[in-house]
Amino acid sequence: CPNKLGPSVARPKSPTLTDGELKLMRVLWDRREATVHDIIGVLTARPKPAYNTVQTMLRILECKGYVHHTKVGRAFLFSPTIDRIAAQRSALRSLVNRFFEGSPRLLLLNLIESRNVSEDSLRQIEERLREDG
């Protein structure tokens, strides 16, 4: 994906977010916009990631359509183009399609069978299902 920040990033593009990309997106969702330096300053990982690493990840996110940038002075200001809820729904659709044959029912049954859902959560799910139809 060629862009104004530099040459194309030579790696297969995944529509979903990697763990590292998700960390950057969380910063952008919380701050609404940030420079590479801003993002590095907020990240808690030790050692801090290199400037070039964060910039490359932001280029990848821009190619995937998750962020865009504007030039402010000598710096690039990055902003999310997709909100957190839309990204969660996209990731969930991808998970359901990849591992559960496109069936949300299979995902839910798997969660219940693995005992990863509390009784309170099950009650909330039942109430929601009744409301929706």
# chains A, B, ... in the order shown; residues from 1 in each chain; ligands from 1

$ select_by_dssp --residues "chain A" --states "alpha helix (DSSP H)" --output "VMD selection string"
chain A and resid 19 to 31 36 to 42 51 to 64 84 to 99 104 to 113 119 to 132

$ residues_around --residues "Ala50 (chain A)" --least-positions-apart "3" --cutoff "12 Å" --atoms "only C-alpha atoms" --output "PyMOL selection string"
chain A and resi 36-37+39-41+43+45-47+53-57

$ residues_around --residues "region 19-30 of chain A" --least-positions-apart "2" --cutoff "12 Å" --atoms "only C-alpha atoms" --output "ChimeraX atom specification"
/A:14-17,32-45,49,53-62,64-69,77-88,91

$ residues_around --residues "region 95-97 of chain A" --least-positions-apart "3" --cutoff "12 Å" --atoms "only C-alpha atoms" --output "number ranges by chain"
A: 15-17, 88-92, 100-108, 110

$ write_last_selection --atoms "C-alpha atoms" --output "PDB file, in the first residue's frame"
ATOM      1  CA  PRO A  15      -8.060  -7.164   7.763  1.00  0.00           C
ATOM      2  CA  THR A  16      -7.897  -7.949  11.475  1.00  0.00           C
ATOM      3  CA  LEU A  17      -5.632  -6.244  13.972  1.00  0.00           C
ATOM      4  CA  GLN A  88     -14.753  -5.210  17.793  1.00  0.00           C
ATOM      5  CA  ARG A  89     -17.613  -6.269  15.542  1.00  0.00           C
ATOM      6  CA  SER A  90     -15.258  -6.795  12.611  1.00  0.00           C
ATOM      7  CA  ALA A  91     -12.925  -8.924  14.748  1.00  0.00           C
ATOM      8  CA  LEU A  92     -15.866 -10.943  16.048  1.00  0.00           C
ATOM      9  CA  PHE A 100     -17.164 -21.375  13.850  1.00  0.00           C
ATOM     10  CA  GLU A 101     -18.218 -21.907  10.229  1.00  0.00           C
ATOM     11  CA  GLY A 102     -19.850 -18.472  10.143  1.00  0.00           C
ATOM     12  CA  SER A 103     -22.266 -19.463  12.906  1.00  0.00           C
ATOM     13  CA  PRO A 104     -22.643 -17.187  15.944  1.00  0.00           C
ATOM     14  CA  ARG A 105     -24.696 -20.025  17.455  1.00  0.00           C
ATOM     15  CA  LEU A 106     -21.650 -22.330  17.391  1.00  0.00           C
ATOM     16  CA  LEU A 107     -19.547 -19.629  19.057  1.00  0.00           C
ATOM     17  CA  LEU A 108     -22.105 -19.144  21.810  1.00  0.00           C
ATOM     18  CA  ASN A 110     -18.740 -23.258  22.572  1.00  0.00           C
TER      19      ASN A 110
END

$ atom_distance --atom1 "CA of Arg123 (chain A)" --atom2 "CA of Leu111 (chain A)"
14.0 Å

$ select_by_dssp --residues "chain A" --states "strand (DSSP E)" --output "PyMOL selection string"
chain A and resi 67-72+75-80

$ atom_distance --atom1 "CA of Ser118 (chain A)" --atom2 "CA of Arg98 (chain A)"
24.9 Å
